[in-house]
Every structure is written in C-alpha cells, then in structure tokens.
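Structure file coords.txt; described as compact mmCIF, C-alpha atoms.
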# COMPACT_ATOMS: atom_id res chain seq x y z
CA MET O 1 106.71 70.74 112.87
CA ALA O 2 104.71 73.89 112.12
CA SER O 3 101.26 74.21 113.60
CA GLN O 4 98.14 74.54 111.46
CA ASP O 5 97.85 78.26 112.41
CA GLU O 6 101.43 78.94 111.30
CA LYS O 7 100.79 77.20 107.97
CA THR O 8 97.64 79.21 107.46
CA GLU O 9 99.48 82.45 108.26
CA LYS O 10 102.30 81.64 105.82
CA THR O 11 99.81 80.74 103.12
CA THR O 12 97.94 83.99 103.70
CA ILE O 13 101.10 86.07 103.46
CA ARG O 14 102.23 84.22 100.34
CA ARG O 15 98.87 84.56 98.61
CA SER O 16 98.49 88.19 99.56
CA LYS O 17 101.49 89.06 97.41
CA THR O 18 99.59 88.25 94.24
CA GLY O 19 96.09 88.45 92.80
CA SER O 20 93.14 90.06 94.49
CA TRP O 21 94.64 89.47 97.93
CA GLY O 22 97.56 91.69 96.93
CA THR O 23 95.10 94.44 96.07
CA GLU O 24 93.34 93.95 99.40
CA ARG O 25 96.67 94.21 101.20
CA PHE O 26 97.45 97.50 99.39
CA PHE O 27 94.11 99.06 100.32
CA ARG O 28 94.49 97.90 103.91
CA PHE O 29 97.84 99.66 104.00
CA MET O 30 96.36 102.86 102.53
CA ILE O 31 93.41 102.85 104.94
CA ARG O 32 95.71 102.23 107.91
CA LYS O 33 97.94 105.12 106.86
CA GLU O 34 95.05 107.49 106.29
CA CYS O 35 93.80 106.67 109.79
CA GLU O 36 97.10 108.01 111.09
CA ILE O 37 96.18 111.54 109.94
CA VAL O 38 94.43 112.32 113.21
CA SER O 39 97.38 111.19 115.30
CA LYS O 40 99.85 113.05 113.07
CA LEU O 41 97.83 116.25 113.38
CA LYS O 42 98.56 116.13 117.12
CA SER O 43 102.31 116.22 116.45
CA VAL O 44 102.42 120.04 116.41
CA PRO O 45 103.77 121.23 119.78
CA LYS O 46 101.34 123.53 121.60
CA GLN O 47 104.06 126.08 122.22
CA GLN O 48 104.35 126.61 118.45
CA GLY O 49 100.67 127.42 118.02
CA GLY O 50 98.98 124.01 117.97
CA LEU O 51 95.74 124.17 116.02
CA PHE O 52 96.54 127.71 114.83
CA VAL O 53 99.37 126.21 112.75
CA LEU O 54 96.99 123.76 111.10
CA ALA O 55 94.33 126.44 110.57
CA TYR O 56 96.86 128.82 109.03
CA TYR O 57 98.27 126.20 106.67
CA ILE O 58 94.86 124.99 105.51
CA VAL O 59 93.28 128.43 104.99
CA MET O 60 96.41 129.87 103.36
CA MET O 61 97.00 126.92 101.03
CA VAL O 62 93.35 126.82 99.92
CA THR O 63 93.40 130.58 99.28
CA LEU O 64 96.70 130.52 97.39
CA GLY O 65 95.48 127.61 95.27
CA ALA O 66 92.34 129.54 94.37
CA SER O 67 94.42 132.61 93.49
CA ASP O 68 96.63 130.55 91.15
CA GLY O 69 93.73 128.67 89.58
CA LEU O 70 91.79 131.72 88.39
CA ARG O 71 94.21 132.82 85.69
CA GLY O 72 93.43 130.19 83.05
CA VAL O 73 89.68 130.24 83.68
CA PHE O 74 89.38 134.02 83.31
CA LEU O 75 91.79 134.29 80.37
CA PRO O 76 89.03 134.08 77.71
CA LEU O 77 87.08 136.75 79.65
CA PHE O 78 90.14 139.02 79.69
CA GLU O 79 90.42 138.58 75.91
CA ASP O 80 86.80 139.68 75.49
CA SER O 81 86.86 142.50 78.06
CA PHE O 82 90.14 144.07 76.91
CA THR O 83 89.88 143.02 73.22
CA LEU O 84 93.13 141.06 73.28
CA ASN O 85 94.69 138.80 70.67
CA LYS O 86 96.42 135.53 71.62
CA THR O 87 99.82 137.21 71.92
CA GLN O 88 98.45 139.83 74.32
CA SER O 89 96.60 137.24 76.40
CA SER O 90 99.76 135.13 76.66
CA MET O 91 101.47 138.25 78.04
CA ILE O 92 99.19 138.03 81.09
CA ILE O 93 100.53 134.56 81.80
CA MET O 94 104.11 135.56 81.01
CA PHE O 95 104.01 138.50 83.44
CA SER O 96 102.76 136.20 86.19
CA TYR O 97 105.78 133.95 85.66
CA ILE O 98 108.10 136.95 85.67
CA GLY O 99 106.67 137.51 89.16
CA ASN O 100 107.43 133.89 90.04
CA LEU O 101 111.02 134.34 88.87
CA LEU O 102 111.61 137.52 90.85
CA PHE O 103 109.97 136.34 94.07
CA LEU O 104 111.52 132.86 94.08
CA PHE O 105 114.98 134.01 93.07
CA ILE O 106 115.15 136.85 95.61
CA GLY O 107 112.74 135.49 98.21
CA GLY O 108 114.59 132.19 98.62
CA TYR O 109 117.64 134.10 99.82
CA PHE O 110 115.70 136.13 102.41
CA LEU O 111 113.76 133.06 103.57
CA ASP O 112 117.03 131.64 104.93
CA ARG O 113 118.05 134.96 106.50
CA MET O 114 114.89 136.43 107.99
CA SER O 115 112.53 135.41 110.72
CA LYS O 116 110.16 132.93 109.06
CA LYS O 117 107.14 134.68 110.52
CA LYS O 118 108.25 138.14 109.40
CA PHE O 119 109.04 136.85 105.91
CA LEU O 120 105.58 135.28 105.54
CA LEU O 121 103.91 138.49 106.77
CA VAL O 122 105.77 140.69 104.27
CA VAL O 123 105.09 138.46 101.26
CA THR O 124 101.44 138.01 102.25
CA PHE O 125 101.01 141.79 102.40
CA MET O 126 102.41 142.14 98.85
CA TRP O 127 100.00 139.47 97.62
CA MET O 128 97.03 141.21 99.26
CA VAL O 129 97.91 144.57 97.72
CA SER O 130 97.72 142.99 94.26
CA LEU O 131 94.26 141.60 95.08
CA VAL O 132 93.12 145.13 95.93
CA CYS O 133 94.24 146.20 92.43
CA TYR O 134 92.15 143.40 90.92
CA ILE O 135 89.09 144.43 92.93
CA PHE O 136 89.09 148.14 92.14
CA THR O 137 90.56 148.45 88.64
CA GLU O 138 89.69 147.36 85.10
CA SER O 139 92.90 148.19 83.26
CA TYR O 140 95.00 145.84 81.13
CA PRO O 141 98.37 147.48 82.07
CA ILE O 142 97.51 147.38 85.79
CA LEU O 143 96.38 143.79 85.40
CA LEU O 144 99.81 142.89 83.99
CA ILE O 145 101.67 144.62 86.84
CA ALA O 146 99.38 143.09 89.48
CA MET O 147 100.00 139.64 87.98
CA ILE O 148 103.69 140.00 88.82
CA PHE O 149 102.92 140.51 92.50
CA SER O 150 99.89 138.26 92.95
CA LEU O 151 101.29 135.15 91.26
CA GLY O 152 104.87 135.80 92.35
CA ALA O 153 103.94 136.30 96.00
CA SER O 154 101.46 133.42 95.88
CA THR O 155 104.08 131.01 94.54
CA MET O 156 106.67 132.24 97.05
CA LEU O 157 104.24 131.76 99.92
CA SER O 158 103.25 128.21 98.99
CA THR O 159 106.90 127.28 98.39
CA SER O 160 107.93 128.85 101.72
CA LEU O 161 105.25 126.91 103.57
CA ASN O 162 106.61 123.68 102.08
CA VAL O 163 110.14 124.60 103.14
CA VAL O 164 109.01 125.50 106.68
CA THR O 165 106.86 122.37 107.16
CA PRO O 166 109.73 120.21 108.54
CA LEU O 167 110.21 122.80 111.32
CA LEU O 168 106.64 122.40 112.55
CA PHE O 169 105.55 118.85 111.73
CA ALA O 170 106.77 115.30 112.06
CA SER O 171 106.52 113.22 108.85
CA PRO O 172 107.11 116.26 106.58
CA ALA O 173 106.63 114.32 103.31
CA PHE O 174 103.17 113.30 104.52
CA PHE O 175 102.16 116.80 105.61
CA ILE O 176 103.55 118.57 102.56
CA ASN O 177 101.28 116.45 100.36
CA VAL O 178 98.30 116.86 102.72
CA PHE O 179 98.68 120.65 102.66
CA SER O 180 99.22 120.52 98.92
CA PHE O 181 95.87 118.71 98.86
CA ALA O 182 94.40 121.82 100.50
CA ASN O 183 96.11 123.89 97.80
CA GLY O 184 94.51 121.66 95.19
CA VAL O 185 91.09 122.15 96.81
CA GLY O 186 91.56 125.88 96.24
CA ILE O 187 92.55 125.39 92.60
CA PHE O 188 89.70 122.96 91.95
CA SER O 189 87.11 125.19 93.65
CA ALA O 190 88.28 128.35 91.88
CA GLN O 191 88.27 126.69 88.47
CA ASN O 192 84.92 125.01 89.04
CA ILE O 193 83.20 128.12 90.38
CA GLY O 194 85.14 130.49 88.12
CA GLY O 195 84.19 128.47 85.05
CA ARG O 196 80.54 128.98 85.91
CA ILE O 197 80.62 132.70 86.68
CA ALA O 198 83.40 133.97 84.38
CA THR O 199 80.97 135.75 82.07
CA ARG O 200 81.40 139.33 83.35
CA ILE O 201 84.40 141.23 84.72
CA GLN O 202 82.46 141.85 87.95
CA ALA O 203 82.87 138.16 88.77
CA TRP O 204 86.66 138.71 88.72
CA HIS O 205 86.30 141.55 91.25
CA LEU O 206 84.03 139.52 93.54
CA ILE O 207 86.12 136.38 93.68
CA ASN O 208 89.27 138.37 94.48
CA LEU O 209 87.40 140.12 97.30
CA VAL O 210 86.63 136.71 98.80
CA LEU O 211 90.32 135.75 98.51
CA LEU O 212 91.33 138.99 100.25
CA ILE O 213 89.03 138.23 103.19
CA LEU O 214 90.44 134.69 103.47
CA GLY O 215 93.96 136.15 103.41
CA ILE O 216 93.11 138.42 106.36
CA ILE O 217 91.78 135.42 108.30
CA ALA O 218 94.99 133.51 107.57
CA LEU O 219 97.06 136.42 108.88
CA LEU O 220 95.16 136.27 112.18
CA PHE O 221 96.13 132.61 112.54
CA LEU O 222 99.75 133.38 111.59
CA SER O 223 99.96 135.96 114.39
CA ARG O 224 99.42 133.15 116.93
CA ILE O 225 102.19 130.89 115.60
CA HIS O 226 105.64 130.70 117.20
CA PHE O 227 108.30 129.32 114.86
CA PRO O 228 111.21 127.46 116.45
CA LYS O 229 114.49 129.36 116.47
CA GLN O 230 117.10 128.28 113.95
CA GLU O 231 120.76 129.08 113.75
CA ILE O 232 121.26 131.06 110.55
CA LYS O 233 124.64 131.01 108.89
CA ALA O 234 124.47 134.10 106.74
CA GLU O 235 127.17 135.70 104.64
CA LYS O 236 127.06 139.50 104.78
CA GLY O 237 127.33 141.94 101.92
CA LEU O 238 127.07 141.58 98.17
CA LYS O 239 130.05 139.22 98.01
CA GLY O 240 128.47 136.86 100.52
CA THR O 241 125.15 136.93 98.65
CA ILE O 242 126.81 136.05 95.35
CA HIS O 243 128.77 133.29 97.07
CA SER O 244 125.52 131.80 98.41
CA TYR O 245 123.97 131.56 94.96
CA LEU O 246 127.17 130.26 93.36
CA SER O 247 127.52 127.52 95.97
CA VAL O 248 123.99 126.33 95.15
CA MET O 249 124.64 126.40 91.40
CA LYS O 250 127.92 124.47 91.72
CA ASN O 251 126.04 121.47 93.08
CA PRO O 252 126.03 118.82 90.28
CA ALA O 253 122.31 118.23 90.82
CA CYS O 254 121.40 121.89 90.23
CA LYS O 255 121.24 121.81 86.42
CA TYR O 256 119.11 118.67 86.47
CA LEU O 257 116.74 120.06 89.12
CA ILE O 258 116.25 123.28 87.15
CA CYS O 259 115.35 121.34 84.00
CA ILE O 260 113.08 118.93 85.88
CA CYS O 261 111.15 121.76 87.54
CA GLY O 262 111.12 123.72 84.27
CA PHE O 263 109.60 120.85 82.28
CA TYR O 264 107.09 120.29 85.08
CA CYS O 265 106.04 123.96 84.89
CA ILE O 266 105.47 123.74 81.14
CA THR O 267 103.56 120.47 81.48
CA GLU O 268 101.19 121.39 84.29
CA HIS O 269 100.97 125.16 83.89
CA GLY O 270 100.62 124.88 80.12
CA LEU O 271 97.50 122.78 80.60
CA GLN O 272 96.27 124.97 83.45
CA ASN O 273 96.52 128.15 81.40
CA TRP O 274 95.47 126.91 77.97
CA LEU O 275 93.12 123.92 78.39
CA VAL O 276 89.98 126.07 78.46
CA THR O 277 91.01 127.92 75.29
CA TYR O 278 92.36 124.75 73.62
CA GLY O 279 89.26 122.73 74.52
CA SER O 280 86.77 125.35 73.40
CA GLU O 281 88.50 126.65 70.24
CA TYR O 282 90.17 123.49 68.89
CA LEU O 283 88.55 120.40 70.42
CA GLY O 284 85.05 121.80 69.96
CA PHE O 285 83.82 121.71 73.56
CA THR O 286 81.85 124.57 75.07
CA ARG O 287 83.82 126.96 77.26
CA SER O 288 82.00 125.81 80.40
CA ARG O 289 82.69 122.14 79.57
CA ALA O 290 86.36 122.85 78.90
CA ALA O 291 86.52 124.63 82.28
CA LEU O 292 84.91 121.54 83.82
CA PHE O 293 87.65 119.35 82.32
CA LEU O 294 90.27 121.65 83.81
CA SER O 295 88.65 121.39 87.24
CA ILE O 296 88.54 117.57 86.89
CA PHE O 297 92.25 117.50 86.03
CA PHE O 298 93.09 119.52 89.12
CA GLY O 299 90.52 117.58 91.10
CA GLY O 300 92.64 114.52 90.34
CA ILE O 301 95.72 116.39 91.52
CA THR O 302 93.87 117.42 94.67
CA VAL O 303 92.55 113.97 95.58
CA GLY O 304 95.80 112.28 94.60
CA ARG O 305 97.81 114.36 97.06
CA LEU O 306 95.66 113.17 99.94
CA ILE O 307 95.42 109.55 98.81
CA PHE O 308 99.08 109.10 97.96
CA ALA O 309 100.60 111.09 100.85
CA PRO O 310 101.16 107.93 102.97
CA LEU O 311 102.68 106.16 99.96
CA VAL O 312 105.14 109.01 99.38
CA GLN O 313 106.18 108.82 103.04
CA LYS O 314 106.79 105.08 102.64
CA LEU O 315 108.56 105.13 99.25
CA THR O 316 110.75 108.23 99.89
CA PRO O 317 110.50 111.37 97.71
CA VAL O 318 113.01 110.27 95.04
CA LYS O 319 111.35 106.90 94.38
CA SER O 320 107.91 108.52 94.41
CA VAL O 321 108.84 111.08 91.73
CA SER O 322 110.44 108.34 89.60
CA ILE O 323 107.26 106.25 89.59
CA PHE O 324 104.64 108.99 89.36
CA SER O 325 106.43 111.06 86.71
CA GLY O 326 106.61 107.98 84.46
CA ILE O 327 102.91 107.21 84.85
CA ALA O 328 102.00 110.87 84.35
CA ALA O 329 104.06 111.07 81.15
CA VAL O 330 102.34 108.02 79.61
CA LEU O 331 98.80 109.25 80.37
CA TYR O 332 99.53 112.87 79.47
CA ILE O 333 101.21 112.09 76.13
CA THR O 334 98.44 109.66 75.18
CA GLY O 335 95.75 112.21 76.04
CA ILE O 336 97.28 115.07 74.03
CA LEU O 337 98.08 112.96 70.96
CA LEU O 338 94.56 111.48 70.80
CA GLU O 339 93.08 115.01 70.99
CA ARG O 340 89.29 114.92 71.63
CA THR O 341 89.14 111.15 72.14
CA GLY O 342 92.07 111.31 74.56
CA ILE O 343 90.42 113.58 77.11
CA VAL O 344 89.97 110.73 79.63
CA PRO O 345 93.65 109.69 79.93
CA LEU O 346 94.61 113.37 79.91
CA LEU O 347 92.36 114.05 82.89
CA LEU O 348 93.50 110.87 84.67
CA SER O 349 97.09 112.09 84.43
CA GLY O 350 96.16 114.60 87.11
CA LEU O 351 96.25 111.78 89.66
CA ALA O 352 99.82 110.94 88.68
CA PHE O 353 100.90 114.60 88.65
CA SER O 354 99.39 115.10 92.11
CA ILE O 355 102.45 114.46 94.27
CA LEU O 356 105.14 115.68 91.88
CA TRP O 357 105.58 119.36 92.74
CA PRO O 358 105.35 119.17 96.56
CA THR O 359 107.61 116.12 96.53
CA LEU O 360 110.07 117.80 94.14
CA VAL O 361 110.48 120.56 96.75
CA MET O 362 111.65 117.88 99.18
CA VAL O 363 113.87 116.31 96.51
CA ILE O 364 115.62 119.67 95.99
CA GLY O 365 116.26 119.90 99.72
CA SER O 366 117.71 116.38 99.80
CA TYR O 367 120.59 117.49 97.54
CA TYR O 368 121.60 120.42 99.79
CA PRO O 369 122.47 120.98 103.46
CA SER O 370 119.62 122.31 105.63
CA THR O 371 121.22 125.78 105.82
CA GLN O 372 120.80 126.12 102.03
CA ASN O 373 117.29 124.68 101.65
CA GLY O 374 115.50 128.01 101.25
CA ILE O 375 117.92 129.53 98.78
CA ALA O 376 118.24 126.23 96.86
CA VAL O 377 114.47 125.83 96.46
CA GLY O 378 114.11 129.50 95.56
CA LEU O 379 116.96 129.48 93.03
CA VAL O 380 115.95 126.22 91.34
CA SER O 381 112.24 127.14 91.23
CA GLY O 382 113.06 130.68 90.11
CA LEU O 383 115.33 129.63 87.26
CA ALA O 384 112.81 126.96 86.26
CA THR O 385 110.35 129.82 85.79
CA PHE O 386 112.36 130.83 82.71
CA PHE O 387 110.85 127.75 81.07
CA ASP O 388 107.38 129.12 81.86
CA ILE O 389 108.29 132.60 80.63
CA ALA O 390 109.78 131.31 77.38
CA PHE O 391 106.83 129.00 76.79
CA ASN O 392 104.18 131.66 77.36
CA ALA O 393 106.12 134.35 75.49
CA GLY O 394 106.03 132.28 72.33
CA PHE O 395 103.05 129.97 72.69
CA GLY O 396 100.36 132.52 71.89
CA THR O 397 102.21 133.57 68.73
CA LEU O 398 102.80 129.92 67.81
CA VAL O 399 99.07 129.19 68.15
CA GLU O 400 98.25 132.10 65.83
CA LYS O 401 100.77 130.91 63.21
CA THR O 402 100.39 127.11 63.33
CA GLY O 403 97.17 126.49 65.25
CA PHE O 404 96.68 124.28 68.31
CA ALA O 405 97.17 121.08 66.30
CA VAL O 406 100.92 121.73 66.13
CA SER O 407 101.62 124.05 69.06
CA ILE O 408 100.00 121.87 71.74
CA LYS O 409 102.56 119.09 71.03
CA ILE O 410 105.07 121.06 73.12
CA LEU O 411 103.29 119.82 76.24
CA PRO O 412 103.75 116.05 75.78
CA VAL O 413 107.41 116.62 74.82
CA ALA O 414 107.90 118.45 78.13
CA ALA O 415 106.21 115.59 80.03
CA ALA O 416 108.58 113.05 78.47
CA LEU O 417 111.65 115.17 79.22
CA LEU O 418 110.55 115.63 82.84
CA PHE O 419 110.68 111.87 83.40
CA LEU O 420 113.87 111.26 81.41
CA VAL O 421 115.92 114.04 83.04
CA PHE O 422 114.85 112.95 86.51
CA MET O 423 115.95 109.38 85.85
CA ILE O 424 119.31 110.62 84.51
CA MET O 425 119.85 112.76 87.63
CA ARG O 426 118.94 109.87 89.91
CA LYS O 427 121.55 107.71 88.22
CA ARG O 428 124.36 110.29 88.12
CA VAL O 429 124.01 112.37 91.31
CA VAL O 430 123.92 111.15 94.92
CA PRO O 431 121.71 113.12 97.37
CA TYR O 432 123.46 115.17 100.06
CA ALA O 433 122.03 113.10 102.93
CA ALA O 434 123.03 109.77 101.34
Spell out the structure here as structure tokens.
Amino acid sequence: MASQDEKTEKTTIRRSKTGSWGTERFFRFMIRKECEIVSKLKSVPKQQGGLFVLAYYIVMMVTLGASDGLRGVFLPLFEDSFTLNKTQSSMIIMFSYIGNLLFLFIGGYFLDRMSKKKFLLVVTFMWMVSLVCYIFTESYPILLIAMIFSLGASTMLSTSLNVVTPLLFASPAFFINVFSFANGVGIFSAQNIGGRIATRIQAWHLINLVLLILGIIALLFLSRIHFPKQEIKAEKGLKGTIHSYLSVMKNPACKYLICICGFYCITEHGLQNWLVTYGSEYLGFTRSRAALFLSIFFGGITVGRLIFAPLVQKLTPVKSVSIFSGIAAVLYITGILLERTGIVPLLLSGLAFSILWPTLVMVIGSYYPSTQNGIAVGLVSGLATFFDIAFNAGFGTLVEKTGFAVSIKILPVAAALLFLVFMIMRKRVVPYAA
C-alpha cells in the first residue's frame, strides 16, 4: 500500500502536467537550465584559450550584429545624402547580398581546408578594410563596393563561428543560440542607436569607427585562442574542388535546405531592410518610431535566443525549427496582413524567429558528415543568398510600380513557404546522423 508521501508525489506530478502547475513546471525547467549557463561557460578547456574564447565570441558577435543591423536604419539617410530613388537604394542591399553569396560560396570551401584561426584572421581583415572605406569616404559607388566586403565578410564570420562552436564548447546547440543572442544585442543596439542618430552622414562614419575599434579588440582575443587540430580530408586541384561541391549538392536534403534558408532570408532580411521605409512611408509612423519597431523586432530575436537556448538543446534542432517556424509564420503573416493594426503580432514574431537561423546552421550540419560541414553550410547559405539578391533586385522597382500595399505581401508568402518546405524535408529526408 502506497504511503501518504508517495500519493502526494504522484498527485503533484499528475497535476503539474495540466493547468497552472504545468506552467510552473515549465518555468522551473527554464530557470534551472538558465542557471546552467555558468557551469557550461567553464566547459572551455584552458589550453584552448579559456576566457579568451568567450571574450572573442561575445565581442565579435556583438560587433558583427551591429555591422549587419545598420544597413536598414541608414537606408533612408543614404537616399537623402546621395539623392537615390527606390531602385538605387535597393541596389545597396542587393550588393551586400552579392557579398554574402561570394563569401559563403567560396569561404565555406576554405573553412574546411584552412587553419580555423588563419581563416578567421583573413576574413576579419577584409571586413575591417571595408569599415575604413565607410569612415573616410562619401561616395555611392564606393559604398556599393564596400557593401560587398563588409556584409559578405560579416556573414561569413558569424557563420564560421557557428560552425566552429562544436570544436570549442560542449552543448553546441545551447552555445550557438547564446552567442547568437550576443549577435542580436549588436543588431538591437545598432538599430536603436542608429535610429536616433541617423540624421547626418557623419553619424555613419562615427558608428563604423566604433565597430572598427571593437574589431581590433576581438582580434587581440583571437590571437590567444588555440583551436584543436582536425584531420582535414581535402581533394586537391580544380577537379577535387568541383567534386566537393557536387557531393554536397547531390545530397537529397540540399535543395530543401537552400529553399528553407532562402525563404528565411527574404522573411527576416526583408523586414530588416525595409521596415523603417515601409513603416514611415506607408503605415504613417515617423521614421524614428519605425526604427524603434525594427529594434523591438530584433530585440525579440535577441532575448528569444537566450531564453529558448535551453529548450533548443532539449528538443533537438529539427524539432525546434519545426515548432518555431510555424509560430513565426502565423504571427508574421497576421502582422503584415493587418498592416498598421498588426504591428504587435509582427513584432512578437521576432521571438519565434529568434532561434531559427542559428539552429538552421546546425540542421544543415546534421544532414552531412563532419568533414563537409563547412562547405555544406557555405554552399547552402551562399545559394540561399540568391533569394535575397532576387528579392532586393526587384523589390524597390515593385514598390515604385505597385506601392507597399501589394509588394510587401511577398514577405508573408515567404514565411509560409519557409515552414511548409521544412516540414516536407523533415518527412522525406533522414538526417545523416540518424
């Protein structure tokens, strides 16, 4: 016969599965997992750099996030300073995604075949050179060229750090989202501060000078890190290089992953680059208030990555993307379709989008052997950039011809397709490790 304590325990467990006790159980789980951050931060072996690894990741991810987040906020200022129409301003965004394509497509190959430290140093140097161009020039053609290197190198660096994370940290899914939280802090801060000071071109020079200084600090931390040695199975010559890319593309998951990442790019980047213009010119908000909405959206992405990191570790990356992409699609579509009255669900969708990109990087890796992770992530992300390029090449012209009322509907369609294609891939293709 069960004791009174056993009965009480069984009743507690049974009741905790429903109602308010279920909610309490969830929050207890989240709090317990967040308390593990301190212990997980100690998982970096001292011989690999210890706290220098953490410092490098945090400073670099914050700085790269700020670099990426400035583009949409300063776009209206570029239009005023250089007297640009919508087609010309969309070219700024398109050139940045051409940079993404080149760096991810080519960089992914070299990431698997170079010393990780040397690769990060080279790409960081390219990124810093582009910042110098921003600081000392006020030329539209130079701005376009610099966008190729600044955004391309920035995207390659953040992607590379995600790929390298499993080499340096235990619980990689947890840490990828925590460091992506740092990236989101950079985006949120840049958009919030940039939205307030983006009234003169001198503000653009100043904020890039700050980013350059932070980049130098990050390089000092990187110099103290020792990456573990990995056996690299590299094919030599042009034939071997082509074979590497073809072997990645022959994977049945490749076409789905490219579409998933492509629709994600349109959905998030479309809002990142056009919300300030859309909100101020079509919805009737002031430019500063539209910039505030953009910072709130990415604030949700930032906070969500930290809050949901333990949940992603528990659910696995594939299940996490399935759940969060569905929630994000519902909120995002509702917000866009309701226009001005839908701003709240649109901003709340940032929480659901928060874990998607960093977790998608892990999902890509789960469909390939470890020796192909770098080239697979680079190839998939690079080809997905074509979605960004195509979108931005035509979106400015579409806005001029049809107005935002029609053109903005591309974004919710992309959000729906992101979820649907992912669910189709999950049903049809088995991960490599399974």
Excluding Val312 (chain O) and any residue of its chain fewer than 5 positions from it, enumerate the residues within 10 Å of it, using all atoms listed in the file, and give them as a ChimeraX atom specification.
/O:173-174,177,305,307,317-321,355,359
Can you tell me which residues surround region 65-73 of chain O at a distance of at most 9 Å, considering all atoms listed in the file, apart from same-chain residues fewer than 5 positions away, and format the answer as a PyMOL selection string?
chain O and resi 60+92-93+150-151+154-155+158+180+182-192+194-195+198+204+208+211+271-277+291+294
Quick one: everything within 12 Å of Ile424 (chain O), counting all atoms listed in the file, minus sequence neighbours fewer than 2 positions away in the same chain. Send it as a tab-separated table (two decimals) with C-alpha atoms, in the frame of the given file.
chain	number	residue	atom	x	y	z
O	253	ALA	CA	122.31	118.23	90.82
O	255	LYS	CA	121.24	121.81	86.42
O	256	TYR	CA	119.11	118.67	86.47
O	257	LEU	CA	116.74	120.06	89.12
O	259	CYS	CA	115.35	121.34	84.00
O	260	ILE	CA	113.08	118.93	85.88
O	322	SER	CA	110.44	108.34	89.60
O	417	LEU	CA	111.65	115.17	79.22
O	418	LEU	CA	110.55	115.63	82.84
O	419	PHE	CA	110.68	111.87	83.40
O	420	LEU	CA	113.87	111.26	81.41
O	421	VAL	CA	115.92	114.04	83.04
O	422	PHE	CA	114.85	112.95	86.51
O	426	ARG	CA	118.94	109.87	89.91
O	427	LYS	CA	121.55	107.71	88.22
O	428	ARG	CA	124.36	110.29	88.12
O	429	VAL	CA	124.01	112.37	91.31
O	430	VAL	CA	123.92	111.15	94.92
CA of Ser349 (chain O) to CA of Ile301 (chain O), straight-line distance in Å:
8.4 Å
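Put simply, CA of Ala390 (chain O) is 11.0 Å away from CA of Phe95 (chain O).
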Considering only C-alpha atoms, state which residue in the set O:Ile225, O:Pro172, O:Phe386, O:Phe103 is at the smallest distance from Thr316 (chain O).
O:Pro172
CA of Met128 (chain O) and CA of Phe175 (chain O) are how many Å apart?
25.7 Å
Starting from the point (98.2, 126.1, 109.1), work out which residues of protein, DNA or RNA have an atom no more than 10 Å away when counting all atoms listed in the file; state them as a PyMOL selection string.
chain O and resi 49-61+161+165+168+179+218+221-222+225
Only C-alpha atoms, please: the residues just picked out, written as a short mmCIF file (atom, residue, chain, number, x, y, z; two decimals), in the frame of the given file.
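Saved file again03.cif follows:
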data_model
loop_
_atom_site.label_atom_id
_atom_site.label_comp_id
_atom_site.auth_asym_id
_atom_site.auth_seq_id
_atom_site.Cartn_x
_atom_site.Cartn_y
_atom_site.Cartn_z
CA GLY O 49 100.67 127.42 118.02
CA GLY O 50 98.98 124.01 117.97
CA LEU O 51 95.74 124.17 116.02
CA PHE O 52 96.54 127.71 114.83
CA VAL O 53 99.37 126.21 112.75
CA LEU O 54 96.99 123.76 111.10
CA ALA O 55 94.33 126.44 110.57
CA TYR O 56 96.86 128.82 109.03
CA TYR O 57 98.27 126.20 106.67
CA ILE O 58 94.86 124.99 105.51
CA VAL O 59 93.28 128.43 104.99
CA MET O 60 96.41 129.87 103.36
CA MET O 61 97.00 126.92 101.03
CA LEU O 161 105.25 126.91 103.57
CA THR O 165 106.86 122.37 107.16
CA LEU O 168 106.64 122.40 112.55
CA PHE O 179 98.68 120.65 102.66
CA ALA O 218 94.99 133.51 107.57
CA PHE O 221 96.13 132.61 112.54
CA LEU O 222 99.75 133.38 111.59
CA ILE O 225 102.19 130.89 115.60
#
Please return the centre and edge lengths, in Å to one decimal, of a box with edges along x, y and z that contains all listed atoms of region 248-257 of chain O, widened by 3 Å on every side, as lines of an AutoDock Vina configuration file.
center_x = 122.3
center_y = 122.3
center_z = 90.8
size_x = 17.2
size_y = 14.2
size_z = 14.7
I'd like the neighbourhood of Gln372 (chain O) as a PyMOL selection string, where a residue qualifies if any of its atoms comes within 12 Å (using all atoms listed in the file), though same-chain residues fewer than 2 positions away should be ignored.
chain O and resi 108-113+163+232-235+243-249+251+364-370+374-380+432
From the list O:Val122, O:Ile176, O:Lys401, O:Met425, which residue is nearest Cys254 (chain O) when using all atoms listed in the file?
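Nearest candidate to Cys254 (chain O) out of O:Val122, O:Ile176, O:Lys401, O:Met425: O:Met425.
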List the spatial neighbours of region 326-334 of chain O as a PDB file with C-alpha atoms, in the coordinates of the input - criterion: any atom at most 10 Å away, only C-alpha atoms, same-chain residues fewer than 6 positions off excluded.
ATOM      1  CA  THR O 267     103.560 120.470  81.480  1.00  0.00           C
ATOM      2  CA  GLU O 268     101.190 121.390  84.290  1.00  0.00           C
ATOM      3  CA  THR O 341      89.140 111.150  72.140  1.00  0.00           C
ATOM      4  CA  GLY O 342      92.070 111.310  74.560  1.00  0.00           C
ATOM      5  CA  ILE O 343      90.420 113.580  77.110  1.00  0.00           C
ATOM      6  CA  VAL O 344      89.970 110.730  79.630  1.00  0.00           C
ATOM      7  CA  PRO O 345      93.650 109.690  79.930  1.00  0.00           C
ATOM      8  CA  LEU O 346      94.610 113.370  79.910  1.00  0.00           C
ATOM      9  CA  LEU O 347      92.360 114.050  82.890  1.00  0.00           C
ATOM     10  CA  LEU O 348      93.500 110.870  84.670  1.00  0.00           C
ATOM     11  CA  SER O 349      97.090 112.090  84.430  1.00  0.00           C
ATOM     12  CA  GLY O 350      96.160 114.600  87.110  1.00  0.00           C
ATOM     13  CA  LEU O 351      96.250 111.780  89.660  1.00  0.00           C
ATOM     14  CA  ALA O 352      99.820 110.940  88.680  1.00  0.00           C
ATOM     15  CA  PHE O 353     100.900 114.600  88.650  1.00  0.00           C
ATOM     16  CA  SER O 354      99.390 115.100  92.110  1.00  0.00           C
ATOM     17  CA  LEU O 356     105.140 115.680  91.880  1.00  0.00           C
ATOM     18  CA  LYS O 409     102.560 119.090  71.030  1.00  0.00           C
ATOM     19  CA  LEU O 411     103.290 119.820  76.240  1.00  0.00           C
ATOM     20  CA  PRO O 412     103.750 116.050  75.780  1.00  0.00           C
ATOM     21  CA  VAL O 413     107.410 116.620  74.820  1.00  0.00           C
ATOM     22  CA  ALA O 414     107.900 118.450  78.130  1.00  0.00           C
ATOM     23  CA  ALA O 415     106.210 115.590  80.030  1.00  0.00           C
ATOM     24  CA  ALA O 416     108.580 113.050  78.470  1.00  0.00           C
ATOM     25  CA  LEU O 417     111.650 115.170  79.220  1.00  0.00           C
ATOM     26  CA  LEU O 418     110.550 115.630  82.840  1.00  0.00           C
ATOM     27  CA  PHE O 419     110.680 111.870  83.400  1.00  0.00           C
ATOM     28  CA  LEU O 420     113.870 111.260  81.410  1.00  0.00           C
ATOM     29  CA  PHE O 422     114.850 112.950  86.510  1.00  0.00           C
ATOM     30  CA  MET O 423     115.950 109.380  85.850  1.00  0.00           C
TER      31      MET O 423
END
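The residue that comes closest to Gly152 (chain O), out of O:Met114, O:Leu101, O:Leu220, O:Leu383 and on the basis of only C-alpha atoms, is O:Leu101.
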Counting all atoms listed in the file, the option among O:Ile98, O:Leu311, O:Val178, O:Ile193 closest to Ala393 (chain O):
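Smallest distance to Ala393 (chain O) is found for O:Ile98.
In terms of minimum interatomic distance to Leu104 (chain O), O:Phe149 ranks closest within O:Phe149, O:Phe391, O:Phe82, O:Phe308, counting all atoms listed in the file.
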